[in-house]
file entry-v9.cif (mmCIF, C-alpha atoms and all ligand atoms)
data_my_file
#
loop_
_atom_site.label_atom_id
_atom_site.label_comp_id
_atom_site.auth_asym_id
_atom_site.auth_seq_id
_atom_site.Cartn_x
_atom_site.Cartn_y
_atom_site.Cartn_z
CA MET A 1 0.00 0.00 0.00
CA LEU A 2 0.98 3.65 -0.36
CA PRO A 3 2.55 5.28 2.70
CA ALA A 4 -0.30 6.66 4.83
CA ALA A 5 -1.62 7.24 8.34
CA GLU A 6 -4.12 5.06 10.17
CA LEU A 7 -6.40 7.35 12.16
CA HIS A 8 -9.18 5.00 13.25
CA VAL A 9 -8.13 1.79 14.96
CA HIS A 10 -9.18 0.60 18.42
CA LEU A 11 -6.23 -1.12 20.12
CA GLU A 12 -8.67 -3.45 21.86
CA GLY A 13 -10.05 -4.31 18.41
CA THR A 14 -6.65 -5.67 17.37
CA LEU A 15 -6.86 -8.52 19.90
CA GLU A 16 -6.40 -11.55 17.64
CA PRO A 17 -7.82 -14.88 18.88
CA GLU A 18 -4.27 -16.29 19.28
CA LEU A 19 -3.32 -13.53 21.73
CA LEU A 20 -6.74 -13.71 23.42
CA VAL A 21 -6.19 -17.41 24.17
CA ALA A 22 -2.56 -16.87 25.25
CA LEU A 23 -3.49 -14.04 27.65
CA ALA A 24 -6.37 -16.05 29.09
CA ALA A 25 -3.96 -18.90 29.84
CA ARG A 26 -1.36 -16.51 31.30
CA ASN A 27 -3.93 -14.89 33.60
CA GLY A 28 -6.06 -17.90 34.48
CA VAL A 29 -9.16 -16.46 32.79
CA ALA A 30 -11.72 -19.09 31.69
CA LEU A 31 -12.85 -18.86 28.05
CA PRO A 32 -15.78 -20.63 26.37
CA THR A 33 -13.26 -22.13 23.92
CA THR A 34 -9.51 -22.01 23.36
CA ASP A 35 -9.82 -22.97 19.69
CA VAL A 36 -8.87 -19.89 17.66
CA GLU A 37 -10.82 -21.03 14.61
CA GLN A 38 -13.93 -21.35 16.76
CA TRP A 39 -13.32 -17.79 17.95
CA ARG A 40 -13.09 -16.55 14.36
CA ALA A 41 -16.27 -18.44 13.45
CA ARG A 42 -18.09 -16.54 16.21
CA TYR A 43 -17.23 -13.19 14.68
CA VAL A 44 -20.43 -12.79 12.70
CA PHE A 45 -22.40 -9.74 13.79
CA GLY A 46 -25.93 -8.51 13.14
CA ASP A 47 -25.11 -4.96 14.20
CA LEU A 48 -22.75 -2.78 16.24
CA GLN A 49 -24.15 -3.88 19.61
CA ALA A 50 -23.70 -7.60 18.79
CA PHE A 51 -20.04 -6.87 18.08
CA LEU A 52 -19.56 -4.69 21.17
CA ASP A 53 -20.93 -7.43 23.45
CA ILE A 54 -18.17 -9.86 22.36
CA TYR A 55 -15.47 -7.18 22.07
CA TYR A 56 -16.02 -5.97 25.66
CA ALA A 57 -16.30 -9.50 27.11
CA ASN A 58 -12.99 -10.52 25.51
CA LEU A 59 -11.15 -7.67 27.24
CA ALA A 60 -11.35 -9.52 30.56
CA VAL A 61 -8.10 -11.28 29.55
CA LEU A 62 -6.13 -8.00 29.78
CA ARG A 63 -4.81 -7.74 33.33
CA THR A 64 -1.17 -6.58 33.53
CA PRO A 65 1.03 -3.90 31.92
CA GLN A 66 2.69 -6.69 29.91
CA ASP A 67 -0.70 -7.72 28.47
CA PHE A 68 -1.40 -4.20 27.24
CA ALA A 69 2.15 -3.90 25.90
CA ASP A 70 1.84 -7.22 24.03
CA LEU A 71 -1.48 -6.17 22.50
CA ALA A 72 -0.19 -2.81 21.28
CA THR A 73 3.19 -4.18 20.15
CA ALA A 74 1.53 -6.78 17.92
CA TYR A 75 -0.52 -4.06 16.21
CA LEU A 76 2.29 -1.50 15.96
CA ASP A 77 4.68 -4.11 14.47
CA ARG A 78 2.09 -4.88 11.80
CA ALA A 79 1.57 -1.17 11.15
CA ARG A 80 5.28 -0.64 10.56
CA ALA A 81 5.50 -3.72 8.35
CA ALA A 82 2.56 -2.44 6.25
CA GLY A 83 4.44 0.81 5.62
CA LEU A 84 2.26 3.11 7.72
CA LEU A 85 3.92 6.43 8.59
CA ARG A 86 1.62 7.30 11.44
CA VAL A 87 -0.87 5.67 13.81
CA GLU A 88 -3.42 7.43 16.02
CA ALA A 89 -4.96 4.64 18.07
CA PHE A 90 -8.05 4.60 20.28
CA PHE A 91 -8.38 2.84 23.60
CA ASP A 92 -11.35 2.35 25.96
CA PRO A 93 -10.14 2.84 29.56
CA GLN A 94 -13.61 2.52 31.10
CA VAL A 95 -13.77 -1.15 30.13
CA HIS A 96 -10.49 -1.88 31.89
CA LEU A 97 -11.48 0.11 34.98
CA ASP A 98 -14.67 -2.00 35.16
CA ASN A 99 -12.46 -5.09 35.03
CA GLY A 100 -10.50 -3.84 38.05
CA VAL A 101 -7.51 -2.76 35.96
CA GLY A 102 -6.22 0.72 36.84
CA LEU A 103 -5.28 3.48 34.42
CA ASP A 104 -1.67 3.17 35.64
CA VAL A 105 -1.57 -0.41 34.33
CA VAL A 106 -3.11 0.55 30.97
CA PHE A 107 -0.81 3.54 30.42
CA GLU A 108 2.28 1.64 31.56
CA GLY A 109 1.68 -1.14 29.04
CA PHE A 110 0.55 0.95 26.08
CA GLY A 111 3.19 3.57 26.89
CA ALA A 112 6.02 1.02 26.74
CA ALA A 113 4.79 -0.37 23.40
CA PHE A 114 4.34 3.10 21.86
CA ASP A 115 7.77 4.26 23.06
CA ALA A 116 9.37 1.16 21.53
CA ALA A 117 7.54 1.68 18.21
CA ARG A 118 8.65 5.33 18.11
CA ALA A 119 12.22 4.22 18.73
CA ARG A 120 11.84 1.99 15.64
CA GLY A 121 10.69 4.92 13.51
CA LEU A 122 6.88 4.75 13.63
CA SER A 123 5.08 7.97 14.56
CA CYS A 124 2.25 6.95 16.90
CA ASP A 125 0.00 8.35 19.62
CA LEU A 126 -3.00 7.41 21.76
CA ILE A 127 -6.53 8.84 21.78
CA LEU A 128 -8.63 8.13 24.88
CA CYS A 129 -12.24 7.24 24.08
CA PHE A 130 -15.30 7.78 26.24
CA LEU A 131 -17.98 5.09 26.06
CA ARG A 132 -21.05 7.09 25.07
CA ASP A 133 -23.48 4.52 26.53
CA ARG A 134 -21.98 5.03 30.02
CA GLY A 135 -23.00 8.68 30.00
CA ALA A 136 -21.33 12.06 30.39
CA ASP A 137 -20.66 11.92 34.15
CA ALA A 138 -18.63 8.75 33.69
CA ALA A 139 -16.74 10.41 30.83
CA GLU A 140 -15.89 13.40 33.02
CA GLU A 141 -14.72 11.08 35.77
CA VAL A 142 -12.39 9.11 33.49
CA LEU A 143 -10.98 12.31 31.96
CA ARG A 144 -10.19 13.60 35.46
CA ALA A 145 -8.61 10.27 36.40
CA ALA A 146 -6.49 10.33 33.24
CA MET A 147 -5.01 13.79 33.90
CA PRO A 148 -1.95 12.44 35.75
CA PHE A 149 -1.17 10.66 32.44
CA ARG A 150 -1.86 13.75 30.28
CA GLU A 151 1.45 13.48 28.42
CA GLN A 152 0.60 9.96 27.25
CA PHE A 153 -2.38 10.79 25.03
CA ILE A 154 -3.06 13.47 22.45
CA GLY A 155 -6.82 13.52 22.25
CA VAL A 156 -10.22 12.22 23.23
CA GLY A 157 -12.85 10.35 21.22
CA LEU A 158 -16.39 9.09 21.66
CA ASP A 159 -17.29 5.50 20.80
CA SER A 160 -19.50 2.49 21.70
CA ALA A 161 -23.25 2.15 21.02
CA GLU A 162 -24.26 5.19 18.97
CA VAL A 163 -28.03 5.10 18.48
CA GLY A 164 -29.81 6.54 21.53
CA HIS A 165 -26.57 8.12 22.77
CA PRO A 166 -26.25 11.43 20.89
CA PRO A 167 -23.33 13.86 21.29
CA ALA A 168 -25.11 16.66 23.23
CA PRO A 169 -24.52 15.47 26.84
CA PHE A 170 -20.78 15.21 26.15
CA ALA A 171 -20.36 18.90 25.28
CA ARG A 172 -18.96 19.73 28.72
CA VAL A 173 -16.37 16.95 28.83
CA PHE A 174 -15.23 17.78 25.30
CA ALA A 175 -14.87 21.43 26.31
CA ALA A 176 -12.79 20.33 29.31
CA ALA A 177 -10.62 18.22 26.99
CA ALA A 178 -10.17 21.19 24.65
CA ALA A 179 -9.11 23.34 27.61
CA GLU A 180 -6.40 20.75 28.30
CA GLY A 181 -5.13 21.17 24.73
CA LEU A 182 -6.41 17.74 23.71
CA HIS A 183 -7.57 16.95 20.18
CA ARG A 184 -11.21 15.92 19.77
CA VAL A 185 -12.83 13.32 17.52
CA ALA A 186 -16.09 11.36 17.74
CA HIS A 187 -17.75 8.36 16.14
CA ALA A 188 -20.85 9.69 14.37
CA GLY A 189 -22.94 8.65 11.41
CA GLU A 190 -21.91 4.99 11.69
CA GLU A 191 -25.32 3.62 12.74
CA GLY A 192 -26.70 6.99 13.80
CA GLY A 193 -28.11 9.47 11.31
CA PRO A 194 -26.67 12.72 9.92
CA GLU A 195 -27.81 14.66 12.99
CA TYR A 196 -25.17 12.84 15.06
CA VAL A 197 -22.50 14.15 12.68
CA ARG A 198 -23.84 17.71 12.81
CA ASP A 199 -24.05 17.67 16.62
CA ALA A 200 -20.53 16.24 16.97
CA LEU A 201 -19.25 19.21 14.95
CA ASP A 202 -21.42 21.89 16.54
CA LEU A 203 -21.63 20.73 20.15
CA LEU A 204 -18.37 18.83 20.67
CA GLY A 205 -16.12 20.85 18.35
CA VAL A 206 -14.55 17.73 16.89
CA GLU A 207 -11.71 18.03 14.37
CA ARG A 208 -12.54 14.74 12.63
CA ILE A 209 -15.59 12.51 12.35
CA ASP A 210 -15.07 8.76 12.78
CA HIS A 211 -17.11 6.89 10.14
CA GLY A 212 -19.58 9.60 9.04
CA ILE A 213 -20.95 7.52 6.17
CA ARG A 214 -24.58 8.35 6.98
CA ALA A 215 -23.80 12.03 6.36
CA MET A 216 -24.41 11.07 2.73
CA GLU A 217 -28.15 11.02 3.49
CA ASP A 218 -28.15 14.79 4.03
CA PRO A 219 -27.01 16.86 0.99
CA GLU A 220 -26.74 20.07 3.02
CA LEU A 221 -24.47 18.35 5.56
CA VAL A 222 -22.36 16.93 2.73
CA ARG A 223 -21.94 20.46 1.35
CA ARG A 224 -20.82 21.67 4.75
CA LEU A 225 -18.35 18.80 5.24
CA VAL A 226 -16.91 19.51 1.78
CA ASP A 227 -16.76 23.29 2.35
CA GLU A 228 -15.05 22.87 5.72
CA GLN A 229 -12.99 19.89 4.50
CA VAL A 230 -13.81 17.96 7.67
CA PRO A 231 -11.88 14.67 7.65
CA LEU A 232 -13.96 11.49 7.94
CA THR A 233 -12.22 8.25 8.98
CA VAL A 234 -14.03 5.58 6.98
CA CYS A 235 -13.69 1.85 7.75
CA PRO A 236 -15.18 -0.13 4.84
CA LEU A 237 -14.71 -3.70 6.14
CA SER A 238 -16.16 -2.65 9.51
CA ASN A 239 -19.21 -1.18 7.79
CA VAL A 240 -19.79 -4.46 5.96
CA ALA A 241 -19.14 -6.64 9.06
CA LEU A 242 -21.52 -4.57 11.24
CA ARG A 243 -24.10 -4.26 8.46
CA ALA A 244 -23.95 -0.49 8.31
CA VAL A 245 -23.97 -1.24 4.56
CA PRO A 246 -25.58 -4.35 3.04
CA GLU A 247 -22.45 -5.34 1.08
CA LEU A 248 -19.14 -3.86 0.00
CA ALA A 249 -20.46 -3.09 -3.48
CA ALA A 250 -23.12 -0.88 -1.87
CA HIS A 251 -20.61 1.18 0.15
CA PRO A 252 -21.05 4.95 -0.36
CA LEU A 253 -17.29 5.46 -0.56
CA PRO A 254 -17.09 6.07 -4.34
CA ALA A 255 -19.97 8.55 -4.05
CA MET A 256 -18.21 10.21 -1.10
CA LEU A 257 -15.14 10.66 -3.26
CA ASP A 258 -17.19 12.10 -6.12
CA ALA A 259 -18.89 14.51 -3.69
CA GLY A 260 -15.48 15.92 -2.71
CA LEU A 261 -15.55 14.69 0.87
CA ARG A 262 -12.16 14.43 2.52
CA PHE A 263 -12.00 10.93 3.95
CA THR A 264 -9.38 8.35 4.92
CA VAL A 265 -9.40 4.54 4.91
CA ASN A 266 -8.94 2.70 8.22
CA SER A 267 -9.42 -0.67 9.93
CA ASP A 268 -11.50 0.06 13.11
CA ASP A 269 -11.31 -3.39 14.80
CA PRO A 270 -9.17 -5.46 12.42
CA ALA A 271 -9.09 -8.66 14.51
CA TYR A 272 -12.88 -8.86 14.17
CA PHE A 273 -13.68 -7.44 10.73
CA GLY A 274 -11.46 -9.39 8.35
CA GLY A 275 -8.29 -7.38 8.03
CA TYR A 276 -5.94 -4.52 8.76
CA VAL A 277 -5.62 -1.25 6.88
CA GLU A 278 -4.07 -2.89 3.80
CA ALA A 279 -7.11 -5.19 3.52
CA ASN A 280 -9.37 -2.14 3.73
CA ILE A 281 -7.36 -0.43 0.97
CA ALA A 282 -7.66 -3.61 -1.12
CA ALA A 283 -11.44 -3.50 -0.57
CA VAL A 284 -11.48 0.10 -1.76
CA ARG A 285 -9.47 -0.83 -4.87
CA SER A 286 -11.97 -3.57 -5.60
CA LEU A 287 -14.65 -0.89 -5.81
CA GLY A 288 -12.83 0.47 -8.84
CA LEU A 289 -10.92 3.41 -7.34
CA ASP A 290 -7.94 4.29 -9.52
CA GLU A 291 -4.41 5.33 -8.59
CA THR A 292 -5.29 9.02 -8.45
CA ALA A 293 -8.08 8.27 -5.97
CA LEU A 294 -5.86 6.02 -3.85
CA ARG A 295 -3.21 8.75 -3.72
CA THR A 296 -5.87 11.26 -2.67
CA LEU A 297 -6.95 8.98 0.18
CA ALA A 298 -3.36 8.45 1.36
CA ARG A 299 -2.77 12.18 1.20
CA ASN A 300 -5.99 12.85 3.11
CA SER A 301 -4.73 10.61 5.92
CA ILE A 302 -1.50 12.60 6.18
CA ASP A 303 -3.35 15.93 6.05
CA ALA A 304 -5.82 14.81 8.75
CA ALA A 305 -3.17 13.54 11.19
CA PHE A 306 -2.54 15.39 14.45
CA VAL A 307 1.09 16.29 13.68
CA PRO A 308 2.88 19.56 12.85
CA HIS A 309 2.69 20.98 9.29
CA GLU A 310 6.39 20.36 8.64
CA GLN A 311 5.90 16.67 9.37
CA LYS A 312 2.96 16.52 6.95
CA SER A 313 5.04 18.17 4.21
CA ALA A 314 7.82 15.63 4.71
CA TRP A 315 5.34 12.72 4.54
CA ARG A 316 3.65 14.15 1.43
CA SER A 317 7.06 14.08 -0.27
CA VAL A 318 7.48 10.43 0.78
CA LEU A 319 4.05 9.66 -0.66
CA ASP A 320 4.73 11.51 -3.93
CA ALA A 321 7.96 9.53 -4.38
CA SER A 322 6.26 6.18 -3.78
CA GLU A 323 4.99 3.85 -6.46
CA LEU A 324 1.60 2.22 -6.10
CA PRO A 325 2.09 -1.53 -5.46
CA SER A 326 0.38 -3.72 -8.07
CA THR A 327 -1.94 -5.33 -5.48
N1 LIG B 401 -15.70 0.51 19.64
C1 LIG B 401 -14.90 -0.32 18.94
N2 LIG B 401 -15.29 -0.35 17.66
C2 LIG B 401 -16.34 0.50 17.53
C3 LIG B 401 -17.16 0.92 16.45
N3 LIG B 401 -17.00 0.45 15.20
N4 LIG B 401 -18.16 1.79 16.71
C4 LIG B 401 -18.33 2.26 17.94
N5 LIG B 401 -17.58 1.90 18.98
C5 LIG B 401 -16.58 1.04 18.78
ZN ZN B 402 -14.34 2.79 15.61
#
call {"tool": "encode", "arguments": {"input": "entry-v9.cif", "output": "structure tokens"}}
result
Amino acid sequence: MLPAAELHVHLEGTLEPELLVALAARNGVALPTTDVEQWRARYVFGDLQAFLDIYYANLAVLRTPQDFADLATAYLDRARAAGLLRVEAFFDPQVHLDNGVGLDVVFEGFGAAFDAARARGLSCDLILCFLRDRGADAAEEVLRAAMPFREQFIGVGLDSAEVGHPPAPFARVFAAAAAEGLHRVAHAGEEGGPEYVRDALDLLGVERIDHGIRAMEDPELVRRLVDEQVPLTVCPLSNVALRAVPELAAHPLPAMLDAGLRFTVNSDDPAYFGGYVEANIAAVRSLGLDETALRTLARNSIDAAFVPHEQKSAWRSVLDASELPST
């Protein structure tokens, strides 16, 4: 694939069945099966909530700093091998706190893995996500609790079950995050309608929208997103796996490109949805996008990254000098 940035990946969504089984054994956690193929066979989802139920349950195997480091290292090694220049990765601290695992454990493990990846030349940072279905008070509490670790993450996001959990109640916690100099993003328009996207922009002040595909249902919103060049982090294989679209061929991505939307291609939860960012790019190619389009998407990912302008210029030069691989 062309050199690019991955801006929408949940570290907990990179937990491959092999590591899940190994961590369960290491920590004495009972699993319904230790057969990795049986795990993969279970990963068939009717909607976002069906996925989240399994995804959250599986996180009970993460107990120690080493577990979190192993999880992140496996993903970051793959990212480097795929030729990614930059990773901005989500994590869900509230799930770990519920499991009796402290923020110190989570940050120690992820921090060690991210430091090691940086030392090997990969630019990477963490974005702390609030679980929208736990409510705004819980989000404010976790942001406060994370402040001693402020140097270890660059932004906040909003994820989990979207429908019935609109952005508005989170306005205060996003304002508090902004006051701390944190970047702000939010999942919106994945299962929820265009109004979730509009409210994330207007009420939360987000700099990027995660997913955003349902914005296409509202022409006026599309015009605004184009005018303001708001980046959308699209995850095609996730949208198919969670039935946000009926099939890949029906994905709005080609129409989004034609509309002039600035979007990037990402993996979301690659251990569950059939592949990492390169598989998502391959899916996009299969929709008939040509080299010019693929270069635009790679460039969008660089432009939308939370890094200084000089870094973006340097990466654009790397991209311009790169040939498109044949597959
Ligand atoms: N958490 C992990 N993956 C998610 C997704 N696709 N949507 C919302 N929350 C998530
Ligand atoms: Zn996501």
call {"tool": "closest_atom_pairs", "arguments": {"input": "entry-v9.cif", "of": "chain A", "to": "ligand LIG 401 (chain B)", "cutoff": "8 Å", "atoms": "all atoms listed in the file", "output": "CSV"}}
result
residue,atom,partner,partner_atom,distance
A:Val9,CA,B:LIG401,N2,7.9
A:His10,CA,B:LIG401,C1,5.8
A:Glu12,CA,B:LIG401,C1,7.6
A:Gly13,CA,B:LIG401,C1,6.3
A:Leu48,CA,B:LIG401,N4,6.5
A:Leu52,CA,B:LIG401,N1,6.7
A:Tyr55,CA,B:LIG401,C1,7.6
A:Asp92,CA,B:LIG401,N1,7.9
A:Leu131,CA,B:LIG401,N5,7.8
A:Leu158,CA,B:LIG401,N5,7.8
A:Asp159,CA,B:LIG401,N5,4.0
A:Ser160,CA,B:LIG401,N5,3.4
A:Ala161,CA,B:LIG401,C4,5.8
A:Glu162,CA,B:LIG401,C4,6.7
A:His187,CA,B:LIG401,C4,6.4
A:Glu190,CA,B:LIG401,N4,7.0
A:Ser238,CA,B:LIG401,N3,6.5
A:Asn239,CA,B:LIG401,N3,7.9
A:Leu242,CA,B:LIG401,N3,7.8
A:Asp268,CA,B:LIG401,N3,5.9
A:Asp269,CA,B:LIG401,N2,5.8
call {"tool": "closest_residue", "arguments": {"input": "entry-v9.cif", "among": "A:Asp137, A:Thr14, A:Ala30, A:Ala50", "to": "Leu76 of chain A", "atoms": "only C-alpha atoms"}}
result
A:Thr14
call {"tool": "closest_residue", "arguments": {"input": "entry-v9.cif", "among": "A:Arg224, A:Arg150, A:Arg118, A:His211", "to": "ligand ZN 402 (chain B)", "atoms": "all atoms listed in the file"}}
result
A:His211
call {"tool": "atom_distance", "arguments": {"input": "entry-v9.cif", "atom1": "atom CA of Ala178 of chain A", "atom2": "atom CA of Ala89 of chain A"}}
result
18.6 Å
call {"tool": "residues_around", "arguments": {"input": "entry-v9.cif", "residues": "Gln229 of chain A", "least_positions_apart": "3", "cutoff": "8 Å", "atoms": "all atoms listed in the file", "output": "list in words"}}
result
Leu225, Val226, Leu261 and Arg262 of chain A
call {"tool": "closest_residue", "arguments": {"input": "entry-v9.cif", "among": "A:Glu220, A:Asp104, A:Asp202, A:Asp98", "to": "Ala138 of chain A", "atoms": "only C-alpha atoms"}}
result
A:Asp98
call {"tool": "residues_around", "arguments": {"input": "entry-v9.cif", "residues": "segment 252-259 of chain A", "least_positions_apart": "2", "cutoff": "10 Å", "atoms": "all atoms listed in the file", "output": "list of chain:residue names"}}
result
A:Ile213, A:Arg214, A:Ala215, A:Met216, A:Pro219, A:Val222, A:Arg223, A:Leu225, A:Val226, A:Val234, A:Cys235, A:Pro236, A:Val245, A:Leu248, A:Ala249, A:Ala250, A:Leu261, A:Arg262, A:Phe263, A:Val265, A:Val284, A:Leu287, A:Gly288, A:Leu289, A:Ala293, A:Thr296, A:Leu297
call {"tool": "closest_residue", "arguments": {"input": "entry-v9.cif", "among": "A:Asn280, A:Asn300, A:Thr233, A:Ser313", "to": "ligand ZN 402 (chain B)", "atoms": "all atoms listed in the file"}}
result
A:Thr233
call {"tool": "atom_distance", "arguments": {"input": "entry-v9.cif", "atom1": "atom CA of Arg78 of chain A", "atom2": "atom CA of Gln94 of chain A"}}
result
26.0 Å
call {"tool": "atom_distance", "arguments": {"input": "entry-v9.cif", "atom1": "atom CA of Ala188 of chain A", "atom2": "atom CA of Asp290 of chain A"}}
result
27.7 Å
call {"tool": "closest_residue", "arguments": {"input": "entry-v9.cif", "among": "A:Val240, A:Leu59, A:Cys129, A:Ala282", "to": "ligand ZN 402 (chain B)", "atoms": "only C-alpha atoms and all ligand atoms"}}
result
A:Cys129
call {"tool": "residues_near_point", "arguments": {"input": "entry-v9.cif", "point": "(-9.2, -17.5, 17.3)", "cutoff": "8 Å", "atoms": "all atoms listed in the file", "output": "list of chain:residue names"}}
result
A:Glu16, A:Pro17, A:Glu18, A:Leu20, A:Val21, A:Thr34, A:Asp35, A:Val36, A:Glu37, A:Gln38, A:Trp39, A:Arg40
call {"tool": "closest_residue", "arguments": {"input": "entry-v9.cif", "among": "A:Ser301, A:Thr292, A:Ser267, A:Thr327", "to": "ligand ZN 402 (chain B)", "atoms": "all atoms listed in the file"}}
result
A:Ser267
call {"tool": "residues_around", "arguments": {"input": "entry-v9.cif", "residues": "Ala113 of chain A", "least_positions_apart": "5", "cutoff": "9 Å", "atoms": "all atoms listed in the file", "output": "MDAnalysis selection string"}}
result
chainID A and resid 68:73 76 108 118
call {"tool": "build_atoms", "arguments": {"input": "entry-v9.cif", "residues": "segment 225-236 of chain A", "atoms": "N, CA, C and O atoms", "output": "PDB file, keeping the file's coordinate frame"}}
result
ATOM      1  N   LEU A 225     -19.561  19.583   5.001  1.00  0.00           N
ATOM      2  CA  LEU A 225     -18.350  18.800   5.240  1.00  0.00           C
ATOM      3  C   LEU A 225     -17.316  19.039   4.132  1.00  0.00           C
ATOM      4  O   LEU A 225     -16.109  19.075   4.393  1.00  0.00           O
ATOM      5  N   VAL A 226     -17.822  19.221   2.902  1.00  0.00           N
ATOM      6  CA  VAL A 226     -16.910  19.510   1.780  1.00  0.00           C
ATOM      7  C   VAL A 226     -16.339  20.918   1.945  1.00  0.00           C
ATOM      8  O   VAL A 226     -15.127  21.123   1.859  1.00  0.00           O
ATOM      9  N   ASP A 227     -17.212  21.891   2.207  1.00  0.00           N
ATOM     10  CA  ASP A 227     -16.760  23.290   2.350  1.00  0.00           C
ATOM     11  C   ASP A 227     -15.703  23.406   3.444  1.00  0.00           C
ATOM     12  O   ASP A 227     -14.696  24.083   3.278  1.00  0.00           O
ATOM     13  N   GLU A 228     -15.963  22.748   4.568  1.00  0.00           N
ATOM     14  CA  GLU A 228     -15.050  22.870   5.720  1.00  0.00           C
ATOM     15  C   GLU A 228     -13.935  21.832   5.659  1.00  0.00           C
ATOM     16  O   GLU A 228     -13.055  21.832   6.520  1.00  0.00           O
ATOM     17  N   GLN A 229     -13.995  20.956   4.649  1.00  0.00           N
ATOM     18  CA  GLN A 229     -12.990  19.890   4.500  1.00  0.00           C
ATOM     19  C   GLN A 229     -12.766  19.119   5.797  1.00  0.00           C
ATOM     20  O   GLN A 229     -11.631  18.889   6.231  1.00  0.00           O
ATOM     21  N   VAL A 230     -13.881  18.735   6.426  1.00  0.00           N
ATOM     22  CA  VAL A 230     -13.810  17.960   7.670  1.00  0.00           C
ATOM     23  C   VAL A 230     -13.362  16.536   7.336  1.00  0.00           C
ATOM     24  O   VAL A 230     -14.009  15.872   6.516  1.00  0.00           O
ATOM     25  N   PRO A 231     -12.297  16.045   7.947  1.00  0.00           N
ATOM     26  CA  PRO A 231     -11.880  14.670   7.650  1.00  0.00           C
ATOM     27  C   PRO A 231     -12.851  13.648   8.257  1.00  0.00           C
ATOM     28  O   PRO A 231     -13.308  13.799   9.395  1.00  0.00           O
ATOM     29  N   LEU A 232     -13.150  12.612   7.472  1.00  0.00           N
ATOM     30  CA  LEU A 232     -13.960  11.490   7.940  1.00  0.00           C
ATOM     31  C   LEU A 232     -13.064  10.245   7.888  1.00  0.00           C
ATOM     32  O   LEU A 232     -12.409  10.001   6.870  1.00  0.00           O
ATOM     33  N   THR A 233     -13.033   9.473   8.976  1.00  0.00           N
ATOM     34  CA  THR A 233     -12.220   8.250   8.980  1.00  0.00           C
ATOM     35  C   THR A 233     -13.130   7.065   8.685  1.00  0.00           C
ATOM     36  O   THR A 233     -13.847   6.581   9.552  1.00  0.00           O
ATOM     37  N   VAL A 234     -13.108   6.621   7.446  1.00  0.00           N
ATOM     38  CA  VAL A 234     -14.030   5.580   6.980  1.00  0.00           C
ATOM     39  C   VAL A 234     -13.375   4.199   7.122  1.00  0.00           C
ATOM     40  O   VAL A 234     -12.170   4.054   6.896  1.00  0.00           O
ATOM     41  N   CYS A 235     -14.185   3.206   7.484  1.00  0.00           N
ATOM     42  CA  CYS A 235     -13.690   1.850   7.750  1.00  0.00           C
ATOM     43  C   CYS A 235     -14.562   0.859   6.973  1.00  0.00           C
ATOM     44  O   CYS A 235     -15.538   0.316   7.515  1.00  0.00           O
ATOM     45  N   PRO A 236     -14.246   0.620   5.688  1.00  0.00           N
ATOM     46  CA  PRO A 236     -15.180  -0.130   4.840  1.00  0.00           C
ATOM     47  C   PRO A 236     -15.466  -1.555   5.323  1.00  0.00           C
ATOM     48  O   PRO A 236     -16.639  -1.965   5.325  1.00  0.00           O
TER      49      PRO A 236
END
